[in-house]
Amino acid sequence: MDISKIYNELNKKIIAKDVIDLTRALIRIPSHEYVDGREKEVGLFVYDYLKANDIETELIPIIGKRANVYGYIRGNGQGKNLLLNGHLDTVPPFEMNFDPYEGIIENGYILGRGAGDMKGPIAAMLYAMKIINDSGIKLKGDVMFTGVIGEERRSEGTEYLVRSGIKADGAIVGEPSSYEYAIGHRGLESLELVIRGKSAHGGMPHLGINAIEKAAVLIYAIKEQLIPKLNERYSYKMGQSTLNLAVINGGKQTCIVPDEVRIKLDRRYISGESVDSVIAEFNEIINNIKEKDPEFDAEVIRLTDYLEHPPLDTDENAVIVQSVKEAVNYITGKEAGLTNKRGWTDAGLISKMAGIPTIIYGPGNIAFSHTKHEKILIDDLITGVKTYLYSILKFCEIEFDHFSI
Ligand SMILES: [Zn+2]
């Protein structure tokens, strides 16, 4: 379906100032982990915005005062349903170079915490929905917006969404993507290695089992045996399989033989690997050491008490991927490049747990996310609205009988 004519008509209805004002309003509502109720206020704002624009909306309480907010434009039931997903939370301001919550405009940018990650992209999604809703166009498929809580910590909002049985034929996660798209990223697993020894007086170390010495053997084995294997695992969509030994604790005093060492690590894995295979690889190394050293005692513990954070691995030929790529091409005149350099996002849960083909695409430069100078270029923001608008029309299609502009 060639939707460019209709898109061109709707494009004329975009009022840049309205998009800017909406983004600034969202930035002005802090929604990080140290705010009482966290995303509550920003969720209410989105709810009110959708309601004021005559778009069906609901708040879904998740934890205490914290709620997801959803918005719906219903199609005629004969098309593909689209999910637009964005997280309502941000990281804390820490020490930013400017007032994080004023929404300052400078050199064509809007400045503030969440400007790019991801209140700007959320504003672009909401505004694209408003344009479509105002136009009176009847889509064939539904558009569902899900503003979710907690992505910067443990993704409680999207976890709830996938556990509640969300269904759609395609999804866009609007993380800022610098005009590149992602259809893959690595899964994320945090693990702890616990190495146990036996304490004794430091003057008589032969009476104990030194957990630090045992930990050294384990660390060396990981470095020599496991890391070279990971270096050979690469996916063009996801990048390199990696392991980072991140935190180590052990021992009490110099006069005591240490009886325990704990090592926390970050393991980023690609398709073909899984949480089970990741754990099994550590157990294999531990068992090999045990065979040679009966005193060696270690175990692997998962540090995650939430739903696993699986890789994102979407088929390049999925309709949603083709729709967004066509949108970018039409609007910018350039092919969107593929990136495999993303951290973990909610797209992993949506694609793996809910089985929805998912693409990451959003306005804003990812390099500014979480920084002291977070900002979004206003031109990018407007291009974001256009891209979502085109993608919705393309993916959901239009019922021409009811089409009137
Ligand atoms: Zn984000």
# chains A, B, ... in the order shown; residues from 1 in each chain; ligands from 1
>>> residues_near_ligand(ligand="ligand 1", cutoff="8 Å", atoms="only C-alpha atoms and all ligand atoms", output="list in words")
Gly86, His87, Thr90, Asp117, Met118, Glu151, Glu152, Glu175, Pro176, Thr345 and Ser369 of chain A
>>> write_last_selection(atoms="N, CA and C atoms", output="mmCIF file, in the first residue's frame")
data_model
loop_
_atom_site.group_PDB
_atom_site.id
_atom_site.type_symbol
_atom_site.label_atom_id
_atom_site.label_comp_id
_atom_site.auth_asym_id
_atom_site.auth_seq_id
_atom_site.Cartn_x
_atom_site.Cartn_y
_atom_site.Cartn_z
ATOM 1 N N GLY A 86 7.577 2.849 25.206
ATOM 2 C CA GLY A 86 8.578 3.785 25.713
ATOM 3 C C GLY A 86 8.584 3.764 27.224
ATOM 4 N N HIS A 87 9.750 3.949 27.821
ATOM 5 C CA HIS A 87 9.782 3.938 29.299
ATOM 6 C C HIS A 87 9.626 5.342 29.870
ATOM 7 N N THR A 90 13.495 7.811 34.060
ATOM 8 C CA THR A 90 14.816 8.237 33.582
ATOM 9 C C THR A 90 15.831 7.837 34.639
ATOM 10 N N ASP A 117 16.335 10.118 26.324
ATOM 11 C CA ASP A 117 16.125 8.774 26.881
ATOM 12 C C ASP A 117 15.127 8.850 28.025
ATOM 13 N N MET A 118 13.811 8.772 27.724
ATOM 14 C CA MET A 118 13.290 8.830 26.390
ATOM 15 C C MET A 118 11.983 9.595 26.342
ATOM 16 N N GLU A 151 12.316 0.903 33.378
ATOM 17 C CA GLU A 151 13.261 0.287 32.424
ATOM 18 C C GLU A 151 14.701 0.481 32.859
ATOM 19 N N GLU A 152 14.988 1.608 33.519
ATOM 20 C CA GLU A 152 16.380 1.871 33.889
ATOM 21 C C GLU A 152 16.854 0.986 35.041
ATOM 22 N N GLU A 175 13.667 3.879 21.888
ATOM 23 C CA GLU A 175 14.937 4.354 22.459
ATOM 24 C C GLU A 175 15.670 5.194 21.406
ATOM 25 N N PRO A 176 16.344 6.267 21.846
ATOM 26 C CA PRO A 176 17.041 7.112 20.868
ATOM 27 C C PRO A 176 18.053 6.290 20.087
ATOM 28 N N THR A 345 17.607 -3.509 26.232
ATOM 29 C CA THR A 345 16.398 -2.680 26.311
ATOM 30 C C THR A 345 15.171 -3.579 26.499
ATOM 31 N N SER A 369 22.521 9.992 26.145
ATOM 32 C CA SER A 369 21.726 9.343 27.188
ATOM 33 C C SER A 369 22.545 9.189 28.469
#
>>> closest_atom_pairs(of="range 88-172 of chain A", to="range 57-69 of chain A", cutoff="8 Å", atoms="only C-alpha atoms", output="CSV")
residue,atom,partner,partner_atom,distance
A:Thr146,CA,A:Val69,CA,6.0
A:Gly147,CA,A:Val69,CA,5.0
A:Val148,CA,A:Asn68,CA,4.7
A:Ile149,CA,A:Asn68,CA,5.9
A:Glu156,CA,A:Ile62,CA,7.7
A:Gly157,CA,A:Asn68,CA,6.2
A:Tyr160,CA,A:Ile62,CA,7.4
>>> closest_residue(among="A:Gln322, A:Thr242, A:Asn85, A:Ser199", to="Gly174 in chain A", atoms="only C-alpha atoms")
A:Asn85
>>> select_by_dssp(residues="range 185-368 of chain A", states="strand (DSSP E or B)", output="PyMOL selection string")
chain A and resi 185+187-196+198+201+209+234-235+239-240+242-250+256+260-269+271+273+297-302+309+312-313+337-338+358-360
>>> write_last_selection(atoms="C-alpha atoms", output="JSON list (two decimals), in the first residue's frame")
[["chain", "number", "residue", "atom", "x", "y", "z"],
["A", 185, "HIS", "CA", 21.07, -6.68, 21.09],
["A", 187, "GLY", "CA", 20.90, -10.59, 26.56],
["A", 188, "LEU", "CA", 22.07, -9.46, 29.99],
["A", 189, "GLU", "CA", 22.74, -11.71, 32.95],
["A", 190, "SER", "CA", 24.31, -10.69, 36.29],
["A", 191, "LEU", "CA", 25.95, -13.54, 38.14],
["A", 192, "GLU", "CA", 27.91, -14.04, 41.34],
["A", 193, "LEU", "CA", 30.70, -16.57, 41.83],
["A", 194, "VAL", "CA", 31.01, -17.68, 45.45],
["A", 195, "ILE", "CA", 34.31, -19.32, 46.35],
["A", 196, "ARG", "CA", 34.44, -20.98, 49.77],
["A", 198, "LYS", "CA", 38.07, -22.44, 55.59],
["A", 201, "HIS", "CA", 44.75, -18.11, 62.16],
["A", 209, "ILE", "CA", 41.75, -23.14, 52.98],
["A", 234, "TYR", "CA", 29.79, -12.61, 17.32],
["A", 235, "SER", "CA", 26.48, -11.66, 15.79],
["A", 239, "GLY", "CA", 27.93, -7.68, 18.48],
["A", 240, "GLN", "CA", 30.32, -9.58, 20.71],
["A", 242, "THR", "CA", 31.27, -10.63, 26.58],
["A", 243, "LEU", "CA", 32.05, -11.15, 30.23],
["A", 244, "ASN", "CA", 33.07, -8.48, 32.74],
["A", 245, "LEU", "CA", 34.38, -9.44, 36.18],
["A", 246, "ALA", "CA", 33.03, -6.39, 37.94],
["A", 247, "VAL", "CA", 33.12, -6.59, 41.77],
["A", 248, "ILE", "CA", 35.23, -8.70, 44.12],
["A", 249, "ASN", "CA", 34.91, -9.05, 47.89],
["A", 250, "GLY", "CA", 36.65, -11.36, 50.31],
["A", 256, "ILE", "CA", 42.74, -14.46, 59.27],
["A", 260, "GLU", "CA", 34.91, -16.67, 51.28],
["A", 261, "VAL", "CA", 35.28, -14.61, 48.12],
["A", 262, "ARG", "CA", 32.38, -13.24, 46.09],
["A", 263, "ILE", "CA", 32.82, -12.05, 42.52],
["A", 264, "LYS", "CA", 30.02, -10.26, 40.70],
["A", 265, "LEU", "CA", 30.06, -10.26, 36.94],
["A", 266, "ASP", "CA", 28.15, -9.02, 33.94],
["A", 267, "ARG", "CA", 27.63, -11.46, 31.12],
["A", 268, "ARG", "CA", 26.26, -10.26, 27.75],
["A", 269, "TYR", "CA", 25.21, -13.15, 25.57],
["A", 271, "SER", "CA", 21.51, -15.81, 20.24],
["A", 273, "GLU", "CA", 23.58, -18.85, 24.09],
["A", 297, "ASP", "CA", 34.51, -25.29, 46.49],
["A", 298, "ALA", "CA", 32.66, -22.75, 44.37],
["A", 299, "GLU", "CA", 29.21, -22.08, 42.93],
["A", 300, "VAL", "CA", 27.47, -19.73, 40.50],
["A", 301, "ILE", "CA", 24.45, -17.74, 41.67],
["A", 302, "ARG", "CA", 22.06, -15.69, 39.52],
["A", 309, "HIS", "CA", 16.76, -10.22, 30.14],
["A", 312, "LEU", "CA", 16.69, -9.12, 20.96],
["A", 313, "ASP", "CA", 16.81, -10.98, 17.66],
["A", 337, "GLY", "CA", 21.95, 1.96, 9.09],
["A", 338, "LEU", "CA", 21.86, -1.12, 11.30],
["A", 358, "THR", "CA", 10.43, -5.66, 17.51],
["A", 359, "ILE", "CA", 12.61, -2.88, 16.18],
["A", 360, "ILE", "CA", 14.37, -0.18, 18.16]]
>>> residues_around(residues="Glu159 in chain A", least_positions_apart="4", cutoff="9 Å", atoms="only C-alpha atoms", output="list in words")
Arg154, Ser155, Arg163, Ser164, Tyr306, Leu307, Asp346, Leu349, Ile350 and Met353 of chain A
>>> write_last_selection(atoms="C-alpha atoms", output="PDB file, in the first residue's frame")
ATOM      1  CA  ARG A 154      14.602  -3.952  36.264  1.00  0.00           C
ATOM      2  CA  SER A 155      11.892  -3.335  33.685  1.00  0.00           C
ATOM      3  CA  ARG A 163       3.247 -11.377  31.585  1.00  0.00           C
ATOM      4  CA  SER A 164      -0.217  -9.924  30.984  1.00  0.00           C
ATOM      5  CA  TYR A 306      13.288 -10.654  37.808  1.00  0.00           C
ATOM      6  CA  LEU A 307      12.319 -12.037  34.439  1.00  0.00           C
ATOM      7  CA  ASP A 346      12.779  -3.658  26.861  1.00  0.00           C
ATOM      8  CA  LEU A 349      11.372  -8.846  26.630  1.00  0.00           C
ATOM      9  CA  ILE A 350       8.803  -7.816  24.023  1.00  0.00           C
ATOM     10  CA  MET A 353       8.679 -13.232  25.920  1.00  0.00           C
TER      11      MET A 353
END
>>> atom_distance(atom1="CA of Leu111 in chain A", atom2="CA of Ala123 in chain A")
14.5 Å
>>> select_by_dssp(residues="range 62-128 of chain A", states="alpha helix (DSSP H)", output="number ranges by chain")
A: 120-128
>>> write_last_selection(atoms="C-alpha atoms", output="PDB file, in the first residue's frame")
ATOM      1  CA  GLY A 120      11.504  13.079  23.513  1.00  0.00           C
ATOM      2  CA  PRO A 121      10.750   9.784  21.746  1.00  0.00           C
ATOM      3  CA  ILE A 122       7.613   9.332  23.894  1.00  0.00           C
ATOM      4  CA  ALA A 123       6.448  12.823  22.887  1.00  0.00           C
ATOM      5  CA  ALA A 124       7.051  11.885  19.240  1.00  0.00           C
ATOM      6  CA  MET A 125       4.983   8.689  19.607  1.00  0.00           C
ATOM      7  CA  LEU A 126       2.105  10.441  21.399  1.00  0.00           C
ATOM      8  CA  TYR A 127       2.066  13.294  18.922  1.00  0.00           C
ATOM      9  CA  ALA A 128       2.033  10.949  15.921  1.00  0.00           C
TER      10      ALA A 128
END
>>> decode(residues="range 235-366 of chain A", atoms="C-alpha atoms", output="PDB file, in the first residue's frame")
ATOM      1  CA  SER A 235      26.478 -11.662  15.787  1.00  0.00           C
ATOM      2  CA  TYR A 236      26.138  -8.954  13.152  1.00  0.00           C
ATOM      3  CA  LYS A 237      22.920  -7.863  14.858  1.00  0.00           C
ATOM      4  CA  MET A 238      24.188  -8.021  18.452  1.00  0.00           C
ATOM      5  CA  GLY A 239      27.930  -7.680  18.482  1.00  0.00           C
ATOM      6  CA  GLN A 240      30.317  -9.576  20.705  1.00  0.00           C
ATOM      7  CA  SER A 241      29.507 -12.013  23.503  1.00  0.00           C
ATOM      8  CA  THR A 242      31.273 -10.628  26.579  1.00  0.00           C
ATOM      9  CA  LEU A 243      32.054 -11.146  30.233  1.00  0.00           C
ATOM     10  CA  ASN A 244      33.071  -8.475  32.737  1.00  0.00           C
ATOM     11  CA  LEU A 245      34.381  -9.437  36.177  1.00  0.00           C
ATOM     12  CA  ALA A 246      33.025  -6.386  37.944  1.00  0.00           C
ATOM     13  CA  VAL A 247      33.123  -6.591  41.768  1.00  0.00           C
ATOM     14  CA  ILE A 248      35.234  -8.703  44.120  1.00  0.00           C
ATOM     15  CA  ASN A 249      34.912  -9.052  47.885  1.00  0.00           C
ATOM     16  CA  GLY A 250      36.651 -11.359  50.312  1.00  0.00           C
ATOM     17  CA  GLY A 251      38.630 -11.614  53.511  1.00  0.00           C
ATOM     18  CA  LYS A 252      38.306  -9.829  56.846  1.00  0.00           C
ATOM     19  CA  GLN A 253      41.700  -9.107  58.377  1.00  0.00           C
ATOM     20  CA  THR A 254      45.340  -9.798  57.606  1.00  0.00           C
ATOM     21  CA  CYS A 255      45.566 -12.218  60.552  1.00  0.00           C
ATOM     22  CA  ILE A 256      42.744 -14.459  59.272  1.00  0.00           C
ATOM     23  CA  VAL A 257      42.755 -16.942  56.403  1.00  0.00           C
ATOM     24  CA  PRO A 258      39.817 -15.792  54.230  1.00  0.00           C
ATOM     25  CA  ASP A 259      36.958 -18.273  54.048  1.00  0.00           C
ATOM     26  CA  GLU A 260      34.912 -16.671  51.280  1.00  0.00           C
ATOM     27  CA  VAL A 261      35.284 -14.607  48.119  1.00  0.00           C
ATOM     28  CA  ARG A 262      32.384 -13.242  46.086  1.00  0.00           C
ATOM     29  CA  ILE A 263      32.819 -12.050  42.522  1.00  0.00           C
ATOM     30  CA  LYS A 264      30.024 -10.265  40.696  1.00  0.00           C
ATOM     31  CA  LEU A 265      30.060 -10.259  36.940  1.00  0.00           C
ATOM     32  CA  ASP A 266      28.155  -9.021  33.941  1.00  0.00           C
ATOM     33  CA  ARG A 267      27.626 -11.457  31.115  1.00  0.00           C
ATOM     34  CA  ARG A 268      26.265 -10.258  27.752  1.00  0.00           C
ATOM     35  CA  TYR A 269      25.207 -13.154  25.573  1.00  0.00           C
ATOM     36  CA  ILE A 270      24.003 -13.534  22.005  1.00  0.00           C
ATOM     37  CA  SER A 271      21.507 -15.810  20.243  1.00  0.00           C
ATOM     38  CA  GLY A 272      22.607 -19.420  20.466  1.00  0.00           C
ATOM     39  CA  GLU A 273      23.578 -18.847  24.086  1.00  0.00           C
ATOM     40  CA  SER A 274      21.095 -18.811  26.974  1.00  0.00           C
ATOM     41  CA  VAL A 275      21.039 -18.240  30.724  1.00  0.00           C
ATOM     42  CA  ASP A 276      21.383 -22.018  31.172  1.00  0.00           C
ATOM     43  CA  SER A 277      24.329 -22.312  28.790  1.00  0.00           C
ATOM     44  CA  VAL A 278      26.020 -19.301  30.383  1.00  0.00           C
ATOM     45  CA  ILE A 279      25.733 -20.880  33.853  1.00  0.00           C
ATOM     46  CA  ALA A 280      26.776 -24.293  32.538  1.00  0.00           C
ATOM     47  CA  GLU A 281      30.018 -22.832  31.197  1.00  0.00           C
ATOM     48  CA  PHE A 282      30.974 -21.557  34.635  1.00  0.00           C
ATOM     49  CA  ASN A 283      30.030 -24.873  36.218  1.00  0.00           C
ATOM     50  CA  GLU A 284      32.199 -26.725  33.737  1.00  0.00           C
ATOM     51  CA  ILE A 285      35.221 -24.636  34.716  1.00  0.00           C
ATOM     52  CA  ILE A 286      34.442 -25.097  38.417  1.00  0.00           C
ATOM     53  CA  ASN A 287      34.097 -28.868  37.997  1.00  0.00           C
ATOM     54  CA  ASN A 288      37.361 -29.103  36.074  1.00  0.00           C
ATOM     55  CA  ILE A 289      39.204 -27.351  38.888  1.00  0.00           C
ATOM     56  CA  LYS A 290      37.483 -29.567  41.494  1.00  0.00           C
ATOM     57  CA  GLU A 291      38.746 -32.692  39.738  1.00  0.00           C
ATOM     58  CA  LYS A 292      42.320 -31.574  40.253  1.00  0.00           C
ATOM     59  CA  ASP A 293      41.753 -29.947  43.638  1.00  0.00           C
ATOM     60  CA  PRO A 294      39.226 -31.650  45.953  1.00  0.00           C
ATOM     61  CA  GLU A 295      39.421 -28.687  48.352  1.00  0.00           C
ATOM     62  CA  PHE A 296      38.081 -26.344  45.698  1.00  0.00           C
ATOM     63  CA  ASP A 297      34.513 -25.286  46.495  1.00  0.00           C
ATOM     64  CA  ALA A 298      32.661 -22.747  44.371  1.00  0.00           C
ATOM     65  CA  GLU A 299      29.213 -22.079  42.930  1.00  0.00           C
ATOM     66  CA  VAL A 300      27.468 -19.732  40.499  1.00  0.00           C
ATOM     67  CA  ILE A 301      24.450 -17.740  41.668  1.00  0.00           C
ATOM     68  CA  ARG A 302      22.059 -15.687  39.522  1.00  0.00           C
ATOM     69  CA  LEU A 303      21.742 -12.147  40.848  1.00  0.00           C
ATOM     70  CA  THR A 304      18.515 -11.451  38.984  1.00  0.00           C
ATOM     71  CA  ASP A 305      15.234 -11.932  40.801  1.00  0.00           C
ATOM     72  CA  TYR A 306      13.288 -10.654  37.808  1.00  0.00           C
ATOM     73  CA  LEU A 307      12.319 -12.037  34.439  1.00  0.00           C
ATOM     74  CA  GLU A 308      15.438 -12.890  32.452  1.00  0.00           C
ATOM     75  CA  HIS A 309      16.764 -10.216  30.136  1.00  0.00           C
ATOM     76  CA  PRO A 310      17.009 -12.114  26.859  1.00  0.00           C
ATOM     77  CA  PRO A 311      18.639 -10.994  23.623  1.00  0.00           C
ATOM     78  CA  LEU A 312      16.692  -9.124  20.965  1.00  0.00           C
ATOM     79  CA  ASP A 313      16.813 -10.980  17.664  1.00  0.00           C
ATOM     80  CA  THR A 314      14.286  -9.805  15.094  1.00  0.00           C
ATOM     81  CA  ASP A 315      14.109 -11.037  11.514  1.00  0.00           C
ATOM     82  CA  GLU A 316      15.337  -8.362   9.126  1.00  0.00           C
ATOM     83  CA  ASN A 317      12.386  -9.212   6.855  1.00  0.00           C
ATOM     84  CA  ALA A 318       9.730  -8.649   9.516  1.00  0.00           C
ATOM     85  CA  VAL A 319       7.046  -6.253   8.268  1.00  0.00           C
ATOM     86  CA  ILE A 320       7.645  -3.822  11.131  1.00  0.00           C
ATOM     87  CA  VAL A 321      11.343  -3.624  10.258  1.00  0.00           C
ATOM     88  CA  GLN A 322      10.580  -2.994   6.601  1.00  0.00           C
ATOM     89  CA  SER A 323       7.926  -0.402   7.512  1.00  0.00           C
ATOM     90  CA  VAL A 324      10.263   1.634   9.725  1.00  0.00           C
ATOM     91  CA  LYS A 325      13.114   1.411   7.229  1.00  0.00           C
ATOM     92  CA  GLU A 326      10.827   2.616   4.450  1.00  0.00           C
ATOM     93  CA  ALA A 327       9.677   5.486   6.686  1.00  0.00           C
ATOM     94  CA  VAL A 328      13.234   6.594   7.418  1.00  0.00           C
ATOM     95  CA  ASN A 329      14.187   6.355   3.785  1.00  0.00           C
ATOM     96  CA  TYR A 330      11.154   8.331   2.626  1.00  0.00           C
ATOM     97  CA  ILE A 331      11.549  11.065   5.216  1.00  0.00           C
ATOM     98  CA  THR A 332      15.314  11.522   5.346  1.00  0.00           C
ATOM     99  CA  GLY A 333      16.221  10.377   1.848  1.00  0.00           C
ATOM    100  CA  LYS A 334      18.779   8.024   3.361  1.00  0.00           C
ATOM    101  CA  GLU A 335      18.890   4.357   4.249  1.00  0.00           C
ATOM    102  CA  ALA A 336      18.787   3.757   7.990  1.00  0.00           C
ATOM    103  CA  GLY A 337      21.946   1.957   9.091  1.00  0.00           C
ATOM    104  CA  LEU A 338      21.861  -1.122  11.297  1.00  0.00           C
ATOM    105  CA  THR A 339      23.523  -0.822  14.700  1.00  0.00           C
ATOM    106  CA  ASN A 340      24.634  -3.692  16.901  1.00  0.00           C
ATOM    107  CA  LYS A 341      26.086  -1.495  19.618  1.00  0.00           C
ATOM    108  CA  ARG A 342      23.189  -1.173  22.012  1.00  0.00           C
ATOM    109  CA  GLY A 343      22.831  -2.045  25.644  1.00  0.00           C
ATOM    110  CA  TRP A 344      19.907  -4.145  26.777  1.00  0.00           C
ATOM    111  CA  THR A 345      16.398  -2.680  26.311  1.00  0.00           C
ATOM    112  CA  ASP A 346      12.779  -3.658  26.861  1.00  0.00           C
ATOM    113  CA  ALA A 347      12.755  -4.803  23.222  1.00  0.00           C
ATOM    114  CA  GLY A 348      14.400  -8.025  24.463  1.00  0.00           C
ATOM    115  CA  LEU A 349      11.372  -8.846  26.630  1.00  0.00           C
ATOM    116  CA  ILE A 350       8.803  -7.816  24.023  1.00  0.00           C
ATOM    117  CA  SER A 351      10.387  -9.896  21.275  1.00  0.00           C
ATOM    118  CA  LYS A 352      11.374 -12.985  23.249  1.00  0.00           C
ATOM    119  CA  MET A 353       8.679 -13.232  25.920  1.00  0.00           C
ATOM    120  CA  ALA A 354       5.725 -11.880  23.922  1.00  0.00           C
ATOM    121  CA  GLY A 355       6.928 -13.135  20.543  1.00  0.00           C
ATOM    122  CA  ILE A 356       6.372  -9.769  18.852  1.00  0.00           C
ATOM    123  CA  PRO A 357       8.808  -8.774  16.068  1.00  0.00           C
ATOM    124  CA  THR A 358      10.427  -5.662  17.510  1.00  0.00           C
ATOM    125  CA  ILE A 359      12.606  -2.879  16.177  1.00  0.00           C
ATOM    126  CA  ILE A 360      14.370  -0.176  18.161  1.00  0.00           C
ATOM    127  CA  TYR A 361      14.075   3.212  16.537  1.00  0.00           C
ATOM    128  CA  GLY A 362      13.749   6.616  18.140  1.00  0.00           C
ATOM    129  CA  PRO A 363      14.744  10.239  17.723  1.00  0.00           C
ATOM    130  CA  GLY A 364      17.774  11.498  19.595  1.00  0.00           C
ATOM    131  CA  ASN A 365      21.424  10.677  19.871  1.00  0.00           C
ATOM    132  CA  ILE A 366      22.141   7.735  22.151  1.00  0.00           C
TER     133      ILE A 366
END
